[in-house]
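Please read the structure below before turning to the comments.
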Protein chains: 4
Amino acid sequence: MPANLPAALLSRPAFAAAFDTPAFVGAMLRFEAALAAAQAAEGLIPAAAATAIEAACARVDIDVDALVAEGRRSASLAVPLVERLRAAVGDAHRAHVHFGATSQDVLDTAMASCLKPCLEEADRALEATVRALVRRAREHRATPMLGRTLMQPALPITAGLRIARWATALAQDRERLAEAQSVGLAVQLGGAVGALEALGDRGAAVRHRLALALGLADARAWHVHRNAWIDLLGRIAQVTLTTGKVARDLALASQPEVGEMREAPADAGGRSSAMAHKRNPAGCALALAAALRVPGLMSVIHSAAIAENERALGGWQAELATVPDLAAALGTSLDFLEQVGTSLVVDAARMRSNLETYGGGAPPARLATDVDELLAELAPYA
Amino acid sequence: MPANLPAALLSRPAFAAAFDTPAFVGAMLRFEAALAAAQAAEGLIPAAAATAIEAACARVDIDVDALVAEGRRSASLAVPLVERLRAAVGDAHRAHVHFGATSQDVLDTAMASCLKPCLEEADRALEATVRALVRRAREHRATPMLGRTLMQPALPITAGLRIARWATALAQDRERLAEAQSVGLAVQLGGAVGALEALGDRGAAVRHRLALALGLADARAWHVHRNAWIDLLGRIAQVTLTTGKVARDLALASQPEVGEMREAPADAGGRSSAMAHKRNPAGCALALAAALRVPGLMSVIHSAAIAENERALGGWQAELATVPDLAAALGTSLDFLEQVGTSLVVDAARMRSNLETYGGGAPPARLATDVDELLAELAPYA
Amino acid sequence: MPANLPAALLSRPAFAAAFDTPAFVGAMLRFEAALAAAQAAEGLIPAAAATAIEAACARVDIDVDALVAEGRRSASLAVPLVERLRAAVGDAHRAHVHFGATSQDVLDTAMASCLKPCLEEADRALEATVRALVRRAREHRATPMLGRTLMQPALPITAGLRIARWATALAQDRERLAEAQSVGLAVQLGGAVGALEALGDRGAAVRHRLALALGLADARAWHVHRNAWIDLLGRIAQVTLTTGKVARDLALASQPEVGEMREAPADAGGRSSAMAHKRNPAGCALALAAALRVPGLMSVIHSAAIAENERALGGWQAELATVPDLAAALGTSLDFLEQVGTSLVVDAARMRSNLETYGGGAPPARLATDVDELLAELAPYA
Amino acid sequence: MPANLPAALLSRPAFAAAFDTPAFVGAMLRFEAALAAAQAAEGLIPAAAATAIEAACARVDIDVDALVAEGRRSASLAVPLVERLRAAVGDAHRAHVHFGATSQDVLDTAMASCLKPCLEEADRALEATVRALVRRAREHRATPMLGRTLMQPALPITAGLRIARWATALAQDRERLAEAQSVGLAVQLGGAVGALEALGDRGAAVRHRLALALGLADARAWHVHRNAWIDLLGRIAQVTLTTGKVARDLALASQPEVGEMREAPADAGGRSSAMAHKRNPAGCALALAAALRVPGLMSVIHSAAIAENERALGGWQAELATVPDLAAALGTSLDFLEQVGTSLVVDAARMRSNLETYGGGAPPARLATDVDELLAELAPYA
């Protein structure tokens with residue numbers, strides 16, 4: 001059940017599930033289990049301890065309300081979680097639980113683990129969207145329409161050109177996101193001051209095993225120097241902004257006075273509680289809302305980056321609370337892009353008539369060539 | 001269960017409850033019930049319809065997941081809620097449900113209704129905090145300590161002066177908040193284009209009854225000109241920022257190298273998952289985290305204010321999703337202030353020794369007079 | 001000469017002049033002169049010293065580039081300015097220059113002094129704008145037009161209603177601004193740690209004289225508890241956001257496909273460097289650009305408020321740099337509002353034909369009454 | 001002369017010069033000259049026209065105040081600039097001035113051109129800083145100090161480890177900046193609707209020549225899909241945030257109660273206008289102020305990215321005004337980093353005594369190995 005119902009509209013079910021409480025607790029427990037396994041493999045704790053910890057992680061029942069209440073007292077969800085896990089493991093192995101790790105290790109890794117399926121889904125959805133837009137751009141490579149600048153008629157373009165530009169921007173965003181993910185979606189393991197001080201000379205080996213087990217990049221502790229992670233978050237932000245731009249274009253084009261494009265056929269989509277006949281561009285509304293949240297969310301993440309010493313006081317906690325909202329904005333964007341990819345309506349006749357009324361003449365034949373050039377660059381999506 | 005576990009630390013239980021899904025759905029249903037009652041009283045709908053609607057609001061069982069799923073399709077939670085309510089009311093009165101209202105009326109009023117108990121609690125908690133700080137300031141009116149500027153020793157002040165300044169700022173914030181609340185915490189009722197067009201000449205009377213019933217200010221529809229509401233949100237923000245400043249002061253003072261103040265005695269508070277002996281300023285961490293979120297959250301609210309025509313596309317939805325987070329930040333701030341009010345530790349001996357080591361001489365006697373003057377202005381809190 | 005040419009478009013000449021380097025240096029010198037006069041009047045420094053300081057302030061020639069270069073070394077423009085002034089005053093009175101004051105006193109007071117004429121101009125311009133809009137609203141009290149929500153046709157309203165709503169919002173913003181100014185546009189005088197420690201029992205009297213001399217409110221030192229000042233800045237922000245909303249409405253209405261309103265007659269306004277025939281809504285572009293800057297600028301001011309101890313390290317300096325940009329945004333907004341007030345074009349015929357095509361029927365007669373009610377509240381502007 | 005004196009402290013002289021009015025006007029004129037040359041080379045305009053235009057660009061005298069005043073009327077600095085240039089060129093060639101280009105082409109390219117020397121300087125300064133920090137880290141590879149988390153003592157680290165982490169983060173930021181620059185610091189040439197519609201089949205060739213001439217990347221028109229540019233700006237932001245983190249660390253370490261590090265020897269640096277003996281961490285203050293501005297500045301750039309159609313109304317203009325401030329923040333950061341690189345004071349004795357008092361024992365010998373590993377990765381800087 002969402003904690004904030006109005007915000008629940010600005011998410012995507014799979015993304016909400018990826019960050020919900022069971023998922024996040026599960027990711028924290030997976031960290032502890034995988035950490036124990038890695039430490040046992042490196043001889044730092046007994047194999048029996050790892051087995052016991054893995055078993056406890058699988059069966060421990062976490063009272064979330066109590067976890068949160070205690071977490072407020074320590075400013076850390078990890079402190080009470082580790083306590084419960086230690087209790088569940090029992091006296092024989094309790095000292096091996098969370099061995100050499102710190103709260104931030106669990107929480108940052110859990111956050112990265114929750115984000116991972118979202119990024120995988122984003123990659124697939126962006127690919128599908130670009131493919132669909134490439135098809136639509138090819139279809140409309142020579143469909144003339146009025147180009148508009150500063151919200152006034154400018155010169156003719158083609159519908160294919162506008163769509164191909166959307167596709168190109170999204171394809172570039174997708175590549176940048178994948179690139180940043182390969183570095184920035186990393187395991188966190190550093191211990192109290194980030195130096196893996198308790199693991200002797202096995203620290204790097206444990207971290208590497210942990211990264212492999214969790215499917216995250218291996219990286220030195222990034223407790224306070226979070227630049228690779230922030231770079232990744234910035235690229236998530238960019239996807240939502242490009243999507244917001246597409247949504248704004250569609251919202252403008254679907255004004256009935258313009259009538260050139262719609263996010264979906266008129267019988268689908270957004271109804272009104274006041275006017276039964278009305279069809280709102282509901283997808284545009286949500287995508288724009290998501291995009292409008294992102295500059296503020298990113299500013300929190302940027303502000304939080306000015307961290308104190310070997311672990312921040314306040315900034316890091318503010319960032320943690322913000323990442324799920326940023327992921328939700330990405331999810332909303334993908335929902336909209338998928339809708340556009342499958343349902344975009346282009347009214348070529350209306351484009352032509354608007355062009356005649358407000359524009360001036362046919363677009364130069366070369367514009368279709370322009371589209372072809374963009375599409376050539378997008379060949380992998382054809 | 002919180003949707004975003006890391007964010008759950010940055011709330012206050014009563015505030016989280018005020019905005020959680022049952023509370024928000026309840027507030028939407030209260031709007032519909034009170035609207036029907038007001039419309040019946042003004043002769044716009046039959047009394048029997050109002051009775052049926054109130055009964056349905058009391059018993060209707062809302063499947064939240066379905067509500068959210070449908071809400072995504074219309075970009076509005078109100079559309080599916082009204083449908084369910086109409087179904088629950090039955091054919092005889094369905095046309096009288098949500099009569100003359102629009103989605104934004106329900107949602108904005110529900111948001112204001114959820115915020116209302118938080119603001120009442122904030123008023124009480126701020127009053128209690130200021131009272132407590134006034135006591136501590138009087139107690140330490142002549143306790144010398146080193147004043148610090150640009151994070152370097154400056155001239156002597158007194159502990160009482162620093163505390164009395166916190167108290168004064170919080171008392172001013174409290175007054176400003178109450179003032180903005182009296183105008184900005186208002187019912188929303190405007191109908192499709194904000195003109196109460198379906199209610200004939202009874203529109204204002206219905207709105208007034210509705211406001212009284214819900215305990216909100218009566219105000220003309222503020223669908224897109226949300227300046228009184230934003231003013232209120234800005235003053236919520238200010239409370240969190242003043243609190244963040246107090247938290248930063250305390251975090252600096254509780255460095256053991258300084259050791260002059262702590263948020264709580266050493267045996268309370270924030271433990272570490274890595275170092276059993278460590279005591280973190282957990283309250284400061286959460287209050288700072290809350291304060292660090294607020295500039296970004298307010299920037300979303302400000303960005304959303306540049307709204308289109310008679311109802312915004314995207315901006316309003318982004319604002320709605322942000323208000324609960326802003327309220328949560330306020331709740332976290334109050335938790336911290338109450339902790340400081342009851343548990344603040346002042347180490348006068350350490351202050352004196354730091355002053356001797358880094359400062360220079362005793363503070364002028366006049367400083368105690370300064371505190372007295374501030375306290376005189378705070379007489380209502382004595 | 002503007003330092004940042006693209007930003008120079010987003011100002012208003014009088015506002016740019018109010019904050020330009022000669023004005024800011026002048027304001028700093030006026031502070032020092034008025035401080036000396038006030039201290040002489042209170043017997044803290046010799047009358048001859050005040051006379052010498054006032055004379056030096058009037059004639060001292062400040063090499064701004066050197067001032068900035070030295071200011072970078074001390075993170076303060078006041079340090080080198082005071083040095084120059086001391087040199088100009090000569091040995092006899094140099095100890096009386098800037099007596100008991102600190103850098104922040106000069107800089108905050110100078111900032112408030114530069115802002116003062118802008119706020120006075122804003123008050124006048126807002127009054128004139130509201131008056132003009134009231135006239136236009138009355139003129140169009142019964143001119144039907146299509147109300148639009150979520151960028152789709154909703155129900156009929158009147159042009160007068162839309163314009164009267166703009167006017168009401170601006171009138172409220174004006175009142176709130178004036179109210180916040182009366183408290184928040186205050187002199188700053190606190191000395192090293194804000195306690196006027198060097199002025200003995202004459203501190204408050206000196207500050208009061210200084211406030212009177214500079215036309216600012218008298219207030220206790222607000223070095224780090226800047227809530228009244230931030231409240232004022234927030235209300236400046238609100239004016240720009242309301243204006244941005246008006247600009248967005250006009251930009252949408254002046255799309256030729258809609259054609260219902262324009263910021264100015266077609267032969268005025270924004271030309272294009274690429275298309276000679278094009279007329280861009282240049283005023284809307286600048287007002288929207290100003291409004292779009294404001295959420296980010298306010299977020300800097302909010303972030304900066306989480307200040308350390310008795311004077312912030314970094315935050316305050318960031319705020320200082322931001323206030324002139326915020327004032328510039330206000331100036332741009334006023335330029336646009338004045339343009340709208342004098343030149344707004346309403347095409348009633350086009351409104352009627354759009355209503356027929358996309359809307360449905362005439363607006364209820366009651367809508368004109370609605371306008372009348374809003375205008376009645378705006379009677380002081382009639 | 002700076003337009004905003006308090007902001008002038010938050011820049012770097014070379015960066016301020018790179019964006020000042022003569023530089024920006026010069027960059028616009030260089031665009032026009034290089035465009036003409038490229039078009040002549042491609043046979044689109046006569047060679048004589050290009051010669052005349054280049055000559056006019058070299059000698060035209062621009063009245064900046066008039067340019068700004070006219071620019072306000074068209075919401076574009078390019079419109080009046082092109083007019084002046086056409087007048088200067090004379091009737092024979094006036095039609096060849098700015099041929100096929102639009103305002104945004106000139107302005108975006110000028111912005112990129114002004115940013116270019118800043119990025120080159122940033123690359124050099126970052127390299128020098130990393131080199132210097134590598135030296136200091138090696139020097140202190142085994143100097144024990146107290147690691148601090150949540151502003152409380154944690155476990156021992158070494159001074160070399162902290163410094164090597166700074167160096168690693170800055171080296172990564174430098175690489176990411178260079179990578180983004182190679183794509184995002186691009187020429188803008190698109191004409192009215194971004195399709196180079198007036199240049200027939202020579203558009204791409206002209207743009208390529210222009211890019212070469214101006215030393216910018218060649219890229220398709222990015223009028224509204226500005227993702228590569230925003231990516232670059234985000235990486236500039238990251239440098240300032242990493243620097244802000246270093247500044248915060250140093251500000252905390254240079255509290256006299258801690259006394260472990262200082263940005264510069266005690267006889268240098270920030271004086272106070274109130275207390276002659278005081279030495280403020282002036283570099284930290286400016287670097288933190290710059291860093292605190294950046295989240296808000298980036299949020300403007302992000303908000304502006306949700307652009308309308310083929311050219312934005314308002315968003316783009318807001319972005320243009322913001323980029324110089326972002327560059328200024330980068331410049332301030334570099335000033336500070338250079339200062340730290342050359343002047344950082346490490347007080348190993350104080351570190352040891354703090355460790356004894358507040359910490360516990362010597363750091364594990366392995367920590368020096370940790371530093372060595374980080375330094376090995378930084379070998380190119382050794």
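Following the order of the structure tokens, first chain is A, next is B, and so on, with residues numbered from 1 inside each chain and ligands from 1 in the order they appear.
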Could you please tell me, as a short mmCIF file (atom, residue, chain, number, x, y, z; two decimals) with C-alpha atoms, in the first residue's frame, which residues of chain A have an atom within 6 Å of chain B when using only C-alpha atoms?
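For reference, iface24.cif as written:
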```
data_model
loop_
_atom_site.label_atom_id
_atom_site.label_comp_id
_atom_site.auth_asym_id
_atom_site.auth_seq_id
_atom_site.Cartn_x
_atom_site.Cartn_y
_atom_site.Cartn_z
CA PRO A 2 1.55 3.31 -0.99
CA ALA A 3 2.50 5.65 1.84
CA ASN A 4 1.74 8.72 -0.22
CA LEU A 5 -1.22 8.17 -2.47
CA PRO A 6 -0.78 11.19 -4.75
CA ALA A 7 2.83 10.14 -5.32
CA LEU A 9 0.36 7.92 -9.47
CA ASP A 20 8.84 -1.18 -1.52
CA THR A 21 9.48 -2.24 2.03
CA ARG A 72 14.83 6.69 14.06
CA ARG A 73 16.74 6.43 17.32
CA SER A 74 20.01 5.48 15.62
CA ALA A 75 19.38 7.37 12.37
CA VAL A 79 21.41 -0.99 13.28
CA THR A 102 28.88 -0.60 8.59
CA SER A 103 25.31 0.65 8.22
CA ALA A 192 33.50 1.89 9.67
CA GLY A 269 -7.02 7.77 -21.93
CA GLY A 270 -7.83 10.35 -19.43
CA ARG A 271 -11.34 11.00 -18.33
CA SER A 273 -14.48 13.62 -12.92
CA ALA A 274 -16.32 16.81 -13.85
CA ALA A 282 -3.29 11.75 -18.90
CA ALA A 285 0.20 14.92 -17.32
CA LEU A 288 5.32 16.10 -17.06
CA ALA A 289 4.65 15.79 -13.34
CA ARG A 293 9.86 16.72 -9.77
CA GLY A 296 14.26 19.42 -7.27
CA LEU A 297 15.07 15.79 -6.49
CA SER A 299 19.14 19.27 -6.28
CA VAL A 300 18.68 17.34 -3.04
CA LEU A 313 25.73 13.71 8.78
CA GLY A 314 22.34 14.26 7.19
CA GLY A 315 23.29 14.57 3.57
CA GLN A 317 20.29 10.19 4.70
CA ALA A 318 18.58 12.82 2.56
CA LEU A 320 18.77 7.78 0.40
CA ALA A 321 15.25 9.07 0.86
#
```
Practice task
May I have all residues of range 197-336 of chain B that DSSP, computed from the backbone, assigns to strand (DSSP E or B), given as a PyMOL selection string?
Solution key: chain B and resi 217+261-262+270+280+311
Practice task
Name the residues of range 304-348 of chain B that fall into helix (DSSP H, G or I) according to DSSP on the backbone, using the chain letters and numbers of this document, as a ChimeraX atom specification.
Solution key: /B:304,315-343,348
Include N, CA, C and O atoms and write out the residues we just selected as a tab-separated table (two decimals), in the first residue's frame.
```tsv
chain	number	residue	atom	x	y	z
B	304	ALA	N	6.11	24.04	-10.03
B	304	ALA	CA	4.77	23.60	-10.40
B	304	ALA	C	3.78	24.75	-10.46
B	304	ALA	O	2.68	24.60	-11.01
B	315	GLY	N	2.10	20.16	-13.47
B	315	GLY	CA	2.63	20.90	-12.33
B	315	GLY	C	1.85	20.59	-11.06
B	315	GLY	O	2.44	20.29	-10.01
B	316	TRP	N	0.56	20.65	-11.18
B	316	TRP	CA	-0.25	20.43	-9.99
B	316	TRP	C	-0.02	19.01	-9.45
B	316	TRP	O	0.10	18.79	-8.24
B	317	GLN	N	0.04	18.04	-10.33
B	317	GLN	CA	0.25	16.66	-9.91
B	317	GLN	C	1.61	16.50	-9.21
B	317	GLN	O	1.75	15.72	-8.26
B	318	ALA	N	2.61	17.22	-9.71
B	318	ALA	CA	3.93	17.17	-9.07
B	318	ALA	C	3.87	17.79	-7.68
B	318	ALA	O	4.50	17.30	-6.74
B	319	GLU	N	3.12	18.85	-7.55
B	319	GLU	CA	2.99	19.49	-6.23
B	319	GLU	C	2.33	18.54	-5.24
B	319	GLU	O	2.79	18.37	-4.11
B	320	LEU	N	1.24	17.94	-5.67
B	320	LEU	CA	0.52	17.01	-4.78
B	320	LEU	C	1.43	15.93	-4.23
B	320	LEU	O	1.36	15.57	-3.05
B	321	ALA	N	2.28	15.41	-5.09
B	321	ALA	CA	3.17	14.32	-4.66
B	321	ALA	C	4.23	14.82	-3.69
B	321	ALA	O	4.82	14.02	-2.95
B	322	THR	N	4.45	16.12	-3.68
B	322	THR	CA	5.55	16.68	-2.89
B	322	THR	C	5.13	17.12	-1.51
B	322	THR	O	5.92	17.09	-0.56
B	323	VAL	N	3.87	17.53	-1.37
B	323	VAL	CA	3.42	18.08	-0.08
B	323	VAL	C	3.60	17.08	1.07
B	323	VAL	O	4.09	17.46	2.14
B	324	PRO	N	3.26	15.80	0.88
B	324	PRO	CA	3.48	14.87	2.01
B	324	PRO	C	4.94	14.77	2.43
B	324	PRO	O	5.22	14.62	3.63
B	325	ASP	N	5.86	14.87	1.48
B	325	ASP	CA	7.28	14.83	1.85
B	325	ASP	C	7.66	16.08	2.63
B	325	ASP	O	8.49	16.02	3.56
B	326	LEU	N	7.10	17.19	2.25
B	326	LEU	CA	7.38	18.42	2.98
B	326	LEU	C	6.83	18.32	4.40
B	326	LEU	O	7.48	18.73	5.37
B	327	ALA	N	5.62	17.78	4.52
B	327	ALA	CA	5.05	17.59	5.85
B	327	ALA	C	5.92	16.62	6.66
B	327	ALA	O	6.14	16.83	7.86
B	328	ALA	N	6.42	15.58	6.01
B	328	ALA	CA	7.28	14.63	6.71
B	328	ALA	C	8.53	15.34	7.23
B	328	ALA	O	8.99	15.08	8.35
B	329	ALA	N	9.08	16.22	6.43
B	329	ALA	CA	10.26	16.97	6.88
B	329	ALA	C	9.92	17.81	8.10
B	329	ALA	O	10.72	17.91	9.05
B	330	LEU	N	8.75	18.40	8.09
B	330	LEU	CA	8.31	19.16	9.27
B	330	LEU	C	8.21	18.23	10.47
B	330	LEU	O	8.66	18.57	11.57
B	331	GLY	N	7.63	17.05	10.27
B	331	GLY	CA	7.49	16.11	11.37
B	331	GLY	C	8.83	15.70	11.96
B	331	GLY	O	9.02	15.68	13.19
B	332	THR	N	9.79	15.41	11.10
B	332	THR	CA	11.13	15.07	11.58
B	332	THR	C	11.72	16.22	12.38
B	332	THR	O	12.37	16.01	13.42
B	333	SER	N	11.49	17.43	11.90
B	333	SER	CA	12.02	18.60	12.62
B	333	SER	C	11.41	18.68	14.01
B	333	SER	O	12.12	18.97	14.99
B	334	LEU	N	10.12	18.44	14.10
B	334	LEU	CA	9.48	18.53	15.41
B	334	LEU	C	9.99	17.46	16.36
B	334	LEU	O	10.22	17.71	17.54
B	335	ASP	N	10.17	16.25	15.83
B	335	ASP	CA	10.75	15.20	16.66
B	335	ASP	C	12.06	15.67	17.28
B	335	ASP	O	12.32	15.49	18.48
B	336	PHE	N	12.89	16.25	16.44
B	336	PHE	CA	14.19	16.71	16.91
B	336	PHE	C	14.05	17.85	17.92
B	336	PHE	O	14.70	17.87	18.96
B	337	LEU	N	13.17	18.79	17.62
B	337	LEU	CA	13.01	19.92	18.53
B	337	LEU	C	12.51	19.46	19.90
B	337	LEU	O	12.96	19.96	20.93
B	338	GLU	N	11.60	18.52	19.89
B	338	GLU	CA	11.11	18.02	21.17
B	338	GLU	C	12.23	17.34	21.96
B	338	GLU	O	12.34	17.48	23.18
B	339	GLN	N	13.06	16.60	21.21
B	339	GLN	CA	14.20	15.96	21.86
B	339	GLN	C	15.12	17.02	22.47
B	339	GLN	O	15.55	16.90	23.62
B	340	VAL	N	15.41	18.04	21.69
B	340	VAL	CA	16.29	19.10	22.18
B	340	VAL	C	15.64	19.78	23.38
B	340	VAL	O	16.29	20.08	24.39
B	341	GLY	N	14.34	20.02	23.28
B	341	GLY	CA	13.66	20.69	24.38
B	341	GLY	C	13.75	19.93	25.69
B	341	GLY	O	13.92	20.52	26.76
B	342	THR	N	13.69	18.62	25.59
B	342	THR	CA	13.69	17.85	26.84
B	342	THR	C	15.07	17.37	27.25
B	342	THR	O	15.31	17.14	28.43
B	343	SER	N	15.97	17.19	26.30
B	343	SER	CA	17.21	16.46	26.62
B	343	SER	C	18.50	17.24	26.38
B	343	SER	O	19.58	16.69	26.61
B	348	ALA	N	28.71	23.43	30.71
B	348	ALA	CA	29.21	24.77	30.99
B	348	ALA	C	30.70	24.76	31.30
B	348	ALA	O	31.43	25.70	30.95
```
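Interatomic distance, CA of Leu375 in chain D to CA of Asp173 in chain D: 16.2 Å.
Put simply, CA of Asn309 in chain B is 28.5 Å away from CA of Leu44 in chain B.
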Handout entry: Selection: 12 Å around Thr51 in chain D, only C-alpha atoms, excl. self and same-chain fewer than 6 positions, as a ChimeraX atom specification
Key = /D:32-41,45,57-58,89,93,96-97
Handout entry: Who sits within 8 Å of range 355-364 of chain C, only C-alpha atoms, same chain under 2 positions skipped, as an NGL selection string
Key = (:A and (256-257)) or (:B and (197)) or (:C and (144-146 or 153-158 or 351-353 or 366-367))
Exercise for the section: Give me the residues within 12 Å of Ala379 in chain B as a ChimeraX atom specification, counting only C-alpha atoms and dropping any in the same chain fewer than 6 places off. Expected result: /B:130-131,134-135,138,164,167-168,171,372-373
Completion exercise
Expressed in Å, the length from CA of Leu119 in chain B to CA of Leu214 in chain B is 14.7 Å
